[in-house]
file coords20.tsv (TSV, C-alpha atoms)
chain	number	residue	atom	x	y	z
A	239	MET	CA	154.50	-18.50	191.74
A	240	ASP	CA	156.72	-21.43	192.67
A	241	ASP	CA	159.71	-23.11	191.11
A	242	LEU	CA	157.66	-25.24	188.73
A	243	ASP	CA	155.79	-22.18	187.44
A	244	ARG	CA	159.14	-20.52	186.79
A	245	LYS	CA	160.36	-23.57	184.92
A	246	ILE	CA	157.18	-23.56	182.85
A	247	ILE	CA	157.72	-19.89	181.97
A	248	THR	CA	161.31	-20.60	180.96
A	249	ALA	CA	160.24	-23.56	178.83
A	250	THR	CA	157.41	-21.79	177.00
A	251	GLN	CA	158.28	-18.08	176.76
A	252	SER	CA	160.08	-18.41	173.44
A	253	GLY	CA	157.10	-20.25	171.99
A	254	LEU	CA	155.45	-23.64	171.83
A	255	PRO	CA	156.83	-26.20	169.41
A	256	LEU	CA	154.81	-26.29	166.20
A	257	VAL	CA	153.91	-29.96	166.42
A	258	LYS	CA	150.61	-31.75	167.01
A	259	ASN	CA	151.14	-32.22	170.74
A	260	PRO	CA	153.21	-29.24	171.93
A	261	TYR	CA	152.35	-29.56	175.63
A	262	GLU	CA	153.46	-33.19	175.72
A	263	ILE	CA	156.84	-32.14	174.36
A	264	ILE	CA	157.18	-29.36	176.96
A	265	ALA	CA	156.05	-31.69	179.77
A	266	LYS	CA	158.65	-34.22	178.72
A	267	THR	CA	161.48	-31.66	178.86
A	268	LEU	CA	160.28	-30.63	182.35
A	269	ASN	CA	159.88	-34.25	183.39
A	270	ILE	CA	156.30	-33.74	184.57
A	271	GLU	CA	152.88	-35.08	183.59
A	272	VAL	CA	151.18	-33.19	180.78
A	273	THR	CA	148.02	-32.82	182.89
A	274	LEU	CA	150.03	-31.04	185.59
A	275	LEU	CA	151.56	-28.72	182.98
A	276	LYS	CA	148.14	-27.83	181.56
A	277	GLN	CA	146.71	-27.37	185.05
A	278	ARG	CA	149.52	-25.00	186.03
A	279	MET	CA	149.22	-23.02	182.81
A	280	ASN	CA	145.48	-22.86	183.24
A	281	ASN	CA	145.97	-21.42	186.73
A	282	MET	CA	148.37	-18.82	185.34
A	283	LEU	CA	145.79	-17.90	182.68
A	284	GLU	CA	143.14	-17.50	185.34
A	285	ASN	CA	145.25	-15.35	187.67
A	286	GLY	CA	146.54	-13.25	184.78
A	287	GLN	CA	150.19	-14.31	184.87
A	288	ILE	CA	149.61	-15.58	181.34
A	289	ARG	CA	147.84	-12.83	179.42
A	290	ARG	CA	146.96	-14.93	176.43
A	291	ILE	CA	148.06	-17.90	174.36
A	292	GLY	CA	148.32	-17.06	170.71
A	293	ALA	CA	150.33	-16.21	167.64
A	294	VAL	CA	152.42	-13.12	168.47
A	295	PRO	CA	152.47	-10.88	165.39
A	296	ASN	CA	155.52	-8.90	164.39
A	297	HIS	CA	153.78	-5.62	163.66
A	298	TYR	CA	156.77	-3.95	162.12
A	299	LYS	CA	157.05	-6.60	159.42
A	300	LEU	CA	153.30	-6.41	158.89
A	301	GLY	CA	153.66	-2.77	157.88
A	302	TYR	CA	153.02	-0.98	161.18
A	303	THR	CA	156.28	0.93	161.04
A	304	ALA	CA	155.29	4.25	162.62
A	305	ASN	CA	155.14	4.28	166.37
A	306	ALA	CA	155.42	6.85	169.10
A	307	MET	CA	155.66	6.83	172.84
A	308	SER	CA	153.02	9.35	173.87
A	309	VAL	CA	153.24	10.80	177.37
A	310	TRP	CA	150.39	12.68	179.08
A	311	ASP	CA	149.98	14.80	182.19
A	312	VAL	CA	146.59	13.67	183.46
A	313	SER	CA	144.80	14.68	186.68
A	314	ASP	CA	145.59	12.14	189.38
A	315	ASP	CA	141.97	11.62	190.40
A	316	LYS	CA	140.99	10.68	186.84
A	317	ILE	CA	143.99	8.61	185.81
A	318	ASN	CA	142.49	5.16	186.41
A	319	GLU	CA	139.35	5.90	184.47
A	320	LEU	CA	141.20	7.59	181.59
A	321	GLY	CA	144.02	5.04	181.54
A	322	GLN	CA	141.51	2.27	181.04
A	323	GLN	CA	139.87	4.16	178.18
A	324	LEU	CA	143.23	4.66	176.48
A	325	GLY	CA	144.27	1.06	177.07
A	326	ALA	CA	141.13	-0.12	175.29
A	327	LEU	CA	141.95	1.77	172.06
A	328	SER	CA	142.91	-0.69	169.34
A	329	PHE	CA	146.02	1.25	168.26
A	330	VAL	CA	147.43	1.49	171.79
A	331	SER	CA	149.65	-1.50	172.53
A	332	HIS	CA	150.76	-0.54	176.03
A	333	CYS	CA	149.29	1.93	178.47
A	334	TYR	CA	150.90	2.49	181.86
A	335	GLU	CA	150.78	4.88	184.78
A	336	ARG	CA	154.28	5.94	185.81
A	337	PRO	CA	155.46	8.44	188.46
A	338	ARG	CA	156.06	12.12	187.70
A	339	PHE	CA	159.33	13.79	188.60
A	340	LEU	CA	158.69	17.52	188.92
A	341	PRO	CA	159.70	19.83	187.51
A	342	GLU	CA	161.60	17.98	184.80
A	343	TRP	CA	159.08	15.21	184.12
A	344	PRO	CA	155.37	16.11	184.52
A	345	TYR	CA	153.87	13.12	182.63
A	346	ASN	CA	152.14	10.30	184.47
A	347	LEU	CA	150.41	8.35	181.67
A	348	PHE	CA	152.29	6.52	178.90
A	349	ALA	CA	150.67	5.07	175.77
A	350	MET	CA	152.47	3.35	172.91
A	351	VAL	CA	150.73	4.21	169.66
A	352	HIS	CA	151.20	2.33	166.39
A	353	GLY	CA	150.22	3.10	162.83
A	354	LYS	CA	151.26	2.45	159.24
A	355	ASN	CA	152.66	6.00	158.91
A	356	LYS	CA	153.14	9.23	160.86
A	357	GLU	CA	149.88	10.71	159.54
A	358	GLU	CA	147.94	7.81	160.93
A	359	VAL	CA	149.75	8.17	164.28
A	360	MET	CA	148.87	11.90	164.37
A	361	GLN	CA	145.18	11.09	163.83
A	362	GLN	CA	145.34	8.60	166.67
A	363	ILE	CA	146.97	11.21	168.93
A	364	GLN	CA	144.16	13.65	168.08
A	365	GLN	CA	141.68	10.99	169.10
A	366	ILE	CA	143.41	10.69	172.48
A	367	VAL	CA	143.54	14.50	172.90
A	368	THR	CA	139.77	14.60	172.37
A	369	LEU	CA	139.19	11.69	174.73
A	370	LEU	CA	141.24	13.21	177.56
A	371	GLY	CA	139.84	16.70	177.08
A	372	LYS	CA	140.43	19.13	179.93
A	373	ASP	CA	141.74	16.39	182.23
A	374	CYS	CA	145.03	16.50	180.35
A	375	SER	CA	147.18	19.59	180.77
A	376	ALA	CA	150.14	18.66	178.55
A	377	TYR	CA	151.45	15.90	176.32
A	378	GLU	CA	154.42	15.04	174.15
A	379	LEU	CA	155.29	12.48	171.49
A	380	LEU	CA	158.64	10.75	171.57
A	381	TYR	CA	159.39	9.12	168.24
A	382	SER	CA	162.16	6.56	168.26
A	383	LYS	CA	165.23	7.64	166.35
A	384	GLN	CA	167.38	4.58	166.70
A	385	ILE	CA	167.24	1.16	168.30
A	386	LEU	CA	170.47	0.86	170.26
A	387	LYS	CA	169.78	-2.48	171.89
A	388	LYS	CA	166.99	-4.96	171.77
A	389	THR	CA	167.05	-8.42	173.22
A	390	GLY	CA	164.11	-10.62	174.08
A	391	LEU	CA	162.97	-10.70	177.67
A	392	ARG	CA	164.10	-14.01	179.02
A	393	LEU	CA	163.81	-15.47	182.47
A	394	LYS	CA	167.06	-17.21	183.19
A	395	ASP	CA	166.89	-20.84	184.11
A	396	LYS	CA	168.51	-21.13	187.52
A	397	ASN	CA	170.03	-24.46	186.59
A	398	THR	CA	171.97	-23.19	183.63
B	87	MET	CA	150.68	-11.59	149.45
B	88	LEU	CA	149.00	-13.20	152.41
B	89	THR	CA	146.49	-16.00	151.92
B	90	PRO	CA	143.04	-15.77	153.55
B	91	LEU	CA	144.12	-18.49	155.98
B	92	GLU	CA	147.26	-16.56	156.93
B	93	LYS	CA	145.23	-13.39	157.50
B	94	CYS	CA	142.75	-15.28	159.65
B	95	LEU	CA	145.53	-16.85	161.75
B	96	LEU	CA	147.20	-13.46	162.18
B	97	ASN	CA	144.05	-11.66	163.21
B	98	ASP	CA	141.93	-14.24	165.02
B	99	TYR	CA	144.59	-16.18	166.90
B	100	GLN	CA	146.56	-13.48	168.72
B	101	GLN	CA	144.81	-14.94	171.72
B	102	GLY	CA	142.59	-17.88	172.50
B	103	ILE	CA	144.67	-20.78	171.22
B	104	PRO	CA	143.11	-23.51	173.36
B	105	LEU	CA	145.11	-25.03	176.19
B	106	VAL	CA	144.41	-28.63	175.16
B	107	SER	CA	146.63	-31.55	174.20
B	108	LYS	CA	146.18	-30.97	170.47
B	109	PRO	CA	145.62	-27.20	170.11
B	110	TYR	CA	146.25	-27.06	166.37
B	111	ALA	CA	143.72	-29.84	165.74
B	112	GLU	CA	141.22	-27.81	167.76
B	113	MET	CA	142.07	-24.75	165.66
B	114	ALA	CA	141.62	-26.79	162.46
B	115	LYS	CA	138.11	-27.71	163.62
B	116	GLU	CA	137.26	-24.07	164.33
B	117	LEU	CA	138.73	-22.94	161.03
B	118	THR	CA	136.77	-25.60	159.17
B	119	ARG	CA	133.60	-24.22	160.75
B	120	LYS	CA	134.66	-20.82	159.40
B	121	GLY	CA	134.92	-22.37	155.93
B	122	PHE	CA	138.66	-22.95	155.60
B	123	SER	CA	138.53	-26.75	155.67
B	124	VAL	CA	142.05	-27.41	156.93
B	125	THR	CA	143.76	-30.22	158.80
B	126	SER	CA	145.90	-29.70	161.90
B	127	SER	CA	149.03	-30.34	159.79
B	128	GLU	CA	148.01	-27.52	157.48
B	129	VAL	CA	147.51	-25.20	160.46
B	130	ILE	CA	150.96	-26.15	161.76
B	131	ASP	CA	152.53	-25.64	158.32
B	132	CYS	CA	150.87	-22.25	157.92
B	133	LEU	CA	152.01	-21.06	161.37
B	134	SER	CA	155.53	-22.37	160.71
B	135	GLU	CA	155.64	-20.44	157.48
B	136	LEU	CA	154.43	-17.22	159.12
B	137	LYS	CA	157.17	-17.69	161.67
B	138	GLU	CA	159.78	-18.34	159.02
B	139	LYS	CA	158.75	-15.16	157.18
B	140	GLY	CA	159.07	-13.26	160.46
B	141	LEU	CA	155.41	-12.17	160.44
B	142	ILE	CA	154.89	-13.81	163.81
B	143	SER	CA	157.65	-14.08	166.37
B	144	ARG	CA	156.23	-17.15	168.10
B	145	VAL	CA	153.12	-19.10	169.02
B	146	GLY	CA	152.61	-19.53	172.72
B	147	PRO	CA	151.83	-17.90	176.03
B	148	VAL	CA	152.42	-14.17	176.58
B	149	PHE	CA	153.34	-13.56	180.20
B	150	LYS	CA	152.53	-10.57	182.31
B	151	PRO	CA	155.82	-8.70	182.76
B	152	LYS	CA	155.72	-8.52	186.56
B	153	THR	CA	155.92	-12.29	186.84
B	154	VAL	CA	159.51	-12.24	185.67
B	155	GLY	CA	161.22	-10.22	188.42
B	156	GLY	CA	161.69	-6.46	188.71
B	157	SER	CA	161.76	-4.00	185.83
B	158	THR	CA	161.60	-0.33	185.07
B	159	LEU	CA	161.69	2.18	182.26
B	160	ALA	CA	164.51	4.68	182.67
B	161	ALA	CA	165.63	7.76	180.76
B	162	LEU	CA	168.73	9.92	180.48
B	163	ALA	CA	169.20	13.38	179.01
B	164	VAL	CA	172.44	12.81	177.15
B	165	PRO	CA	174.46	15.68	175.65
B	166	VAL	CA	174.55	14.98	171.90
B	167	GLU	CA	178.33	14.66	171.79
B	168	ARG	CA	178.25	11.99	174.49
B	169	MET	CA	175.49	9.85	172.97
B	170	GLU	CA	177.72	7.11	171.61
B	171	GLU	CA	179.78	6.79	174.78
B	172	VAL	CA	176.74	6.78	177.09
B	173	ALA	CA	174.79	4.36	174.89
B	174	GLN	CA	177.71	1.97	175.10
B	175	ILE	CA	177.81	2.15	178.88
B	176	VAL	CA	174.07	1.53	179.13
B	177	ASN	CA	174.19	-1.34	176.62
B	178	SER	CA	177.04	-3.00	178.51
B	179	PHE	CA	174.61	-4.02	181.27
B	180	SER	CA	173.05	-7.41	180.57
B	181	GLN	CA	169.99	-6.23	182.56
B	182	VAL	CA	169.25	-3.62	179.88
B	183	ASN	CA	167.19	-5.37	177.24
B	184	HIS	CA	165.85	-2.44	175.26
B	185	ASN	CA	167.58	0.84	174.58
B	186	TYR	CA	166.24	3.49	172.21
B	187	GLU	CA	167.39	6.89	171.16
B	188	ARG	CA	164.34	9.17	171.05
B	189	GLU	CA	163.68	12.68	169.81
B	190	HIS	CA	163.43	14.58	173.10
B	191	HIS	CA	165.52	16.33	175.77
B	192	TYR	CA	165.39	12.93	177.49
B	193	ASN	CA	166.87	11.21	174.50
B	194	LEU	CA	167.95	7.80	175.79
B	195	TRP	CA	165.22	5.42	176.99
B	196	PHE	CA	165.92	1.95	178.24
B	197	VAL	CA	164.25	-0.93	180.04
B	198	VAL	CA	166.04	-2.57	182.95
B	199	THR	CA	164.95	-6.06	183.94
B	200	ALA	CA	166.46	-7.98	186.83
B	201	SER	CA	165.55	-10.76	189.21
B	202	SER	CA	164.38	-8.26	191.83
B	203	GLN	CA	163.48	-4.58	192.20
B	204	ASP	CA	166.60	-4.07	194.35
B	205	ASP	CA	168.80	-5.37	191.56
B	206	VAL	CA	167.11	-2.94	189.18
B	207	LEU	CA	167.98	-0.01	191.47
B	208	LEU	CA	171.55	-1.28	191.73
B	209	VAL	CA	171.91	-1.20	187.96
B	210	LEU	CA	170.49	2.35	187.81
B	211	ASP	CA	173.00	3.44	190.47
B	212	GLN	CA	175.86	1.99	188.49
B	213	ILE	CA	174.67	3.67	185.33
B	214	GLU	CA	174.52	7.03	187.15
B	215	GLN	CA	178.04	6.56	188.50
B	216	GLN	CA	179.53	5.49	185.19
B	217	THR	CA	177.81	8.15	183.05
B	218	ASN	CA	177.73	10.95	185.61
B	219	LEU	CA	174.16	11.65	184.49
B	220	LYS	CA	170.96	11.63	186.52
B	221	VAL	CA	168.64	8.72	185.69
B	222	LEU	CA	164.90	9.26	185.44
B	223	ASN	CA	163.42	6.11	186.99
B	224	LEU	CA	159.84	5.50	185.83
B	225	PRO	CA	158.59	2.14	187.09
B	226	MET	CA	155.16	0.99	186.03
B	227	GLU	CA	152.55	1.79	188.69
B	228	ASN	CA	149.46	0.64	186.84
B	229	ASP	CA	148.91	-1.35	183.67
B	230	TYR	CA	145.84	-0.24	181.72
B	231	HIS	CA	146.31	-2.45	178.73
B	232	ILE	CA	143.31	-4.52	177.82
B	233	ASN	CA	143.99	-7.67	175.84
B	234	LEU	CA	141.80	-7.34	172.82
B	235	GLY	CA	144.58	-8.11	170.37
B	236	PHE	CA	145.63	-5.77	167.64
B	237	PRO	CA	143.36	-5.61	164.59
B	238	LEU	CA	145.54	-5.86	161.52
B	239	CYS	CA	144.57	-4.18	158.33
B	240	PHE	CA	145.88	-5.85	155.19
B	241	GLU	CA	144.75	-3.46	152.45
B	242	GLU	CA	148.08	-1.98	151.44
B	243	ALA	CA	151.49	-3.55	151.16
B	244	ASP	CA	151.12	-6.63	153.24
B	245	PHE	CA	154.43	-6.50	154.94
B	246	LYS	CA	157.75	-4.76	154.87
B	247	ASP	CA	160.82	-6.74	154.00
B	248	SER	CA	162.86	-5.29	156.77
B	249	GLU	CA	165.50	-6.51	159.12
B	250	PHE	CA	163.90	-4.53	161.92
B	251	GLU	CA	161.52	-6.12	164.28
B	252	SER	CA	158.70	-4.20	165.85
B	253	PRO	CA	160.52	-1.57	167.87
B	254	MET	CA	157.78	-1.34	170.46
B	255	PHE	CA	155.44	-4.22	170.62
B	256	LYS	CA	157.43	-6.35	172.94
B	257	THR	CA	158.46	-3.59	175.29
B	258	ASP	CA	156.09	-4.87	177.88
B	259	HIS	CA	157.23	-2.96	180.96
call {"tool": "encode", "arguments": {"input": "coords20.tsv", "output": "structure tokens"}}
result
Amino acid sequence: MDDLDRKIITATQSGLPLVKNPYEIIAKTLNIEVTLLKQRMNNMLENGQIRRIGAVPNHYKLGYTANAMSVWDVSDDKINELGQQLGALSFVSHCYERPRFLPEWPYNLFAMVHGKNKEEVMQQIQQIVTLLGKDCSAYELLYSKQILKKTGLRLKDKNT
Amino acid sequence: MLTPLEKCLLNDYQQGIPLVSKPYAEMAKELTRKGFSVTSSEVIDCLSELKEKGLISRVGPVFKPKTVGGSTLAALAVPVERMEEVAQIVNSFSQVNHNYEREHHYNLWFVVTASSQDDVLLVLDQIEQQTNLKVLNLPMENDYHINLGFPLCFEEADFKDSEFESPMFKTDH
């Protein structure tokens, strides 16, 4: 990733303008050719730096108000296989391996689970319990009680 | 109530908006093939309206979190009587962009994002010093998320009229 890629991220991360030719507008603000912009973004799509280009739904406003951070203690030799299976579930929005800190923190697999209510979330958790089977020795659900701070992730423009 | 076009945009265009000069015109063509018969201006108007209503936060690229510097998920076990004080300390760092109180012994969970992994560790050190509490540092080691989008189901109440945004969906760390 070079300086131009960073500038492109800064210019597009809060969304494309909703006009007929959004990339031309972005290219103009960056003072580059639109073909170069598209080429760079296409490279980022191919190497996975851009995960997707799309409309980003606000699930909470769409009625998906119940969510839990589920944490699982999964055998180390199975975590990649099982993590991928969890990550593919439609109701899991994020699924990460993170380090354990024994004895106080035994969980190495994190999955964010979303549903329209707590009952739905519990059914989803049961589905994960079944999927993990004996490879999981313990799990917990951490429901959010209060949002204390939430700001969008923004890459700062070095020039500002 | 959502229109069929709105539902289709919400469900079918979470990914795959073409990277071409006139993406919304391309979408209009696709949508017309699906039987919606819309112009690019109508696609733009519909997306603008969804954005205005807060049902989408934006239209554009979603970046992989690692491309924007260092980040981690951290937790503190805060004694109940100190919650307000500690939350204030944690929130005072501009590098903390999400902070949630959760129902657990580890009851304060926050995401630290900085320009490098070293800067992230520096922030965690400062938080430990200022709160006198031990930070649980849980950086992402593997990302298993597969980008299939999130299938929305529109049977019941279509959306909540709430000031809250999705508490989790953008916590991409």
call {"tool": "closest_residue", "arguments": {"input": "coords20.tsv", "among": "A:Leu256, A:Ala376, A:Leu268, A:Val294", "to": "Leu141 (chain B)", "atoms": "all atoms listed in the file"}}
result
A:Val294
call {"tool": "atom_distance", "arguments": {"input": "coords20.tsv", "atom1": "CA of Asp229 (chain B)", "atom2": "CA of Ser202 (chain B)"}}
result
18.8 Å
call {"tool": "residues_around", "arguments": {"input": "coords20.tsv", "residues": "Tyr334 (chain A)", "least_positions_apart": "2", "cutoff": "9 Å", "atoms": "all atoms listed in the file", "output": "list in words"}}
result
Gly321, Gly325, His332, Arg336, Asn346, Leu347, Phe348 and Ala349 of chain A; Met226, Glu227, Asn228, Asp229, Tyr230, His231 and His259 of chain B
call {"tool": "residues_around", "arguments": {"input": "coords20.tsv", "residues": "Val257 (chain A)", "least_positions_apart": "2", "cutoff": "9 Å", "atoms": "all atoms listed in the file", "output": "PDB file with C-alpha atoms, in the frame of the given file"}}
result
ATOM      1  CA  LEU A 254     155.450 -23.640 171.830  1.00  0.00           C
ATOM      2  CA  PRO A 255     156.830 -26.200 169.410  1.00  0.00           C
ATOM      3  CA  ASN A 259     151.140 -32.220 170.740  1.00  0.00           C
ATOM      4  CA  PRO A 260     153.210 -29.240 171.930  1.00  0.00           C
ATOM      5  CA  ILE A 263     156.840 -32.140 174.360  1.00  0.00           C
TER       6      ILE A 263
ATOM      7  CA  LYS B 108     146.180 -30.970 170.470  1.00  0.00           C
ATOM      8  CA  TYR B 110     146.250 -27.060 166.370  1.00  0.00           C
ATOM      9  CA  SER B 127     149.030 -30.340 159.790  1.00  0.00           C
ATOM     10  CA  ILE B 130     150.960 -26.150 161.760  1.00  0.00           C
TER      11      ILE B 130
END
call {"tool": "residues_around", "arguments": {"input": "coords20.tsv", "residues": "region 88-95 of chain B", "least_positions_apart": "5", "cutoff": "12 Å", "atoms": "all atoms listed in the file", "output": "MDAnalysis selection string"}}
result
(chainID A and resid 292:295 300) or (chainID B and resid 100:103 110 113:114 116:118 120:124 128:137 139 141:142 145 237:245)
call {"tool": "write_last_selection", "arguments": {"input": "coords20.tsv", "atoms": "C-alpha atoms", "output": "PDB file, in the coordinates of the input"}}
result
ATOM      1  CA  GLY A 292     148.320 -17.060 170.710  1.00  0.00           C
ATOM      2  CA  ALA A 293     150.330 -16.210 167.640  1.00  0.00           C
ATOM      3  CA  VAL A 294     152.420 -13.120 168.470  1.00  0.00           C
ATOM      4  CA  PRO A 295     152.470 -10.880 165.390  1.00  0.00           C
ATOM      5  CA  LEU A 300     153.300  -6.410 158.890  1.00  0.00           C
TER       6      LEU A 300
ATOM      7  CA  GLN B 100     146.560 -13.480 168.720  1.00  0.00           C
ATOM      8  CA  GLN B 101     144.810 -14.940 171.720  1.00  0.00           C
ATOM      9  CA  GLY B 102     142.590 -17.880 172.500  1.00  0.00           C
ATOM     10  CA  ILE B 103     144.670 -20.780 171.220  1.00  0.00           C
ATOM     11  CA  TYR B 110     146.250 -27.060 166.370  1.00  0.00           C
ATOM     12  CA  MET B 113     142.070 -24.750 165.660  1.00  0.00           C
ATOM     13  CA  ALA B 114     141.620 -26.790 162.460  1.00  0.00           C
ATOM     14  CA  GLU B 116     137.260 -24.070 164.330  1.00  0.00           C
ATOM     15  CA  LEU B 117     138.730 -22.940 161.030  1.00  0.00           C
ATOM     16  CA  THR B 118     136.770 -25.600 159.170  1.00  0.00           C
ATOM     17  CA  LYS B 120     134.660 -20.820 159.400  1.00  0.00           C
ATOM     18  CA  GLY B 121     134.920 -22.370 155.930  1.00  0.00           C
ATOM     19  CA  PHE B 122     138.660 -22.950 155.600  1.00  0.00           C
ATOM     20  CA  SER B 123     138.530 -26.750 155.670  1.00  0.00           C
ATOM     21  CA  VAL B 124     142.050 -27.410 156.930  1.00  0.00           C
ATOM     22  CA  GLU B 128     148.010 -27.520 157.480  1.00  0.00           C
ATOM     23  CA  VAL B 129     147.510 -25.200 160.460  1.00  0.00           C
ATOM     24  CA  ILE B 130     150.960 -26.150 161.760  1.00  0.00           C
ATOM     25  CA  ASP B 131     152.530 -25.640 158.320  1.00  0.00           C
ATOM     26  CA  CYS B 132     150.870 -22.250 157.920  1.00  0.00           C
ATOM     27  CA  LEU B 133     152.010 -21.060 161.370  1.00  0.00           C
ATOM     28  CA  SER B 134     155.530 -22.370 160.710  1.00  0.00           C
ATOM     29  CA  GLU B 135     155.640 -20.440 157.480  1.00  0.00           C
ATOM     30  CA  LEU B 136     154.430 -17.220 159.120  1.00  0.00           C
ATOM     31  CA  LYS B 137     157.170 -17.690 161.670  1.00  0.00           C
ATOM     32  CA  LYS B 139     158.750 -15.160 157.180  1.00  0.00           C
ATOM     33  CA  LEU B 141     155.410 -12.170 160.440  1.00  0.00           C
ATOM     34  CA  ILE B 142     154.890 -13.810 163.810  1.00  0.00           C
ATOM     35  CA  VAL B 145     153.120 -19.100 169.020  1.00  0.00           C
ATOM     36  CA  PRO B 237     143.360  -5.610 164.590  1.00  0.00           C
ATOM     37  CA  LEU B 238     145.540  -5.860 161.520  1.00  0.00           C
ATOM     38  CA  CYS B 239     144.570  -4.180 158.330  1.00  0.00           C
ATOM     39  CA  PHE B 240     145.880  -5.850 155.190  1.00  0.00           C
ATOM     40  CA  GLU B 241     144.750  -3.460 152.450  1.00  0.00           C
ATOM     41  CA  GLU B 242     148.080  -1.980 151.440  1.00  0.00           C
ATOM     42  CA  ALA B 243     151.490  -3.550 151.160  1.00  0.00           C
ATOM     43  CA  ASP B 244     151.120  -6.630 153.240  1.00  0.00           C
ATOM     44  CA  PHE B 245     154.430  -6.500 154.940  1.00  0.00           C
TER      45      PHE B 245
END
call {"tool": "atom_distance", "arguments": {"input": "coords20.tsv", "atom1": "CA of Val198 (chain B)", "atom2": "CA of Pro225 (chain B)"}}
result
9.7 Å
call {"tool": "closest_residue", "arguments": {"input": "coords20.tsv", "among": "A:Leu274, A:Glu378, A:Glu284, A:Arg244", "to": "Trp343 (chain A)", "atoms": "only C-alpha atoms"}}
result
A:Glu378
call {"tool": "atom_distance", "arguments": {"input": "coords20.tsv", "atom1": "CA of Thr250 (chain A)", "atom2": "CA of Ser180 (chain B)"}}
result
21.5 Å
call {"tool": "residues_around", "arguments": {"input": "coords20.tsv", "residues": "Ala249 (chain A)", "least_positions_apart": "3", "cutoff": "8 Å", "atoms": "only C-alpha atoms", "output": "PyMOL selection string"}}
result
chain A and resi 245-246+252+264+268
call {"tool": "residues_near_point", "arguments": {"input": "coords20.tsv", "point": "(146.1, 15.0, 184.2)", "cutoff": "9 Å", "atoms": "all atoms listed in the file", "output": "PDB file with C-alpha atoms, in the coordinates of the input"}}
result
ATOM      1  CA  TRP A 310     150.390  12.680 179.080  1.00  0.00           C
ATOM      2  CA  ASP A 311     149.980  14.800 182.190  1.00  0.00           C
ATOM      3  CA  VAL A 312     146.590  13.670 183.460  1.00  0.00           C
ATOM      4  CA  SER A 313     144.800  14.680 186.680  1.00  0.00           C
ATOM      5  CA  ASP A 314     145.590  12.140 189.380  1.00  0.00           C
ATOM      6  CA  ASP A 315     141.970  11.620 190.400  1.00  0.00           C
ATOM      7  CA  LYS A 316     140.990  10.680 186.840  1.00  0.00           C
ATOM      8  CA  ILE A 317     143.990   8.610 185.810  1.00  0.00           C
ATOM      9  CA  TYR A 345     153.870  13.120 182.630  1.00  0.00           C
ATOM     10  CA  ASN A 346     152.140  10.300 184.470  1.00  0.00           C
ATOM     11  CA  LEU A 347     150.410   8.350 181.670  1.00  0.00           C
ATOM     12  CA  LEU A 370     141.240  13.210 177.560  1.00  0.00           C
ATOM     13  CA  LYS A 372     140.430  19.130 179.930  1.00  0.00           C
ATOM     14  CA  ASP A 373     141.740  16.390 182.230  1.00  0.00           C
ATOM     15  CA  CYS A 374     145.030  16.500 180.350  1.00  0.00           C
ATOM     16  CA  SER A 375     147.180  19.590 180.770  1.00  0.00           C
ATOM     17  CA  ALA A 376     150.140  18.660 178.550  1.00  0.00           C
TER      18      ALA A 376
END
call {"tool": "closest_residue", "arguments": {"input": "coords20.tsv", "among": "A:Glu335, A:Glu358, A:Asp241, A:Glu342", "to": "chain B", "atoms": "all atoms listed in the file"}}
result
A:Glu335
call {"tool": "closest_residue", "arguments": {"input": "coords20.tsv", "among": "B:Glu112, B:Tyr186, B:Val176, B:Glu138", "to": "chain A", "atoms": "all atoms listed in the file"}}
result
B:Tyr186
call {"tool": "residues_around", "arguments": {"input": "coords20.tsv", "residues": "Met239 (chain A)", "least_positions_apart": "5", "cutoff": "12 Å", "atoms": "only C-alpha atoms", "output": "ChimeraX atom specification"}}
result
/A:244-247,278-279,281-282,285-288 /B:152-155
call {"tool": "closest_residue", "arguments": {"input": "coords20.tsv", "among": "A:Leu386, A:Ile363, A:Leu242, A:Met307", "to": "chain B", "atoms": "all atoms listed in the file"}}
result
A:Leu386
call {"tool": "residues_near_point", "arguments": {"input": "coords20.tsv", "point": "(148.6, 9.9, 164.4)", "cutoff": "12 Å", "atoms": "all atoms listed in the file", "output": "PyMOL selection string"}}
result
chain A and resi 304-308+329-330+350-367+379+381
call {"tool": "closest_residue", "arguments": {"input": "coords20.tsv", "among": "A:Thr248, A:Ile291, A:Phe339, A:Leu320", "to": "chain B", "atoms": "all atoms listed in the file"}}
result
A:Ile291
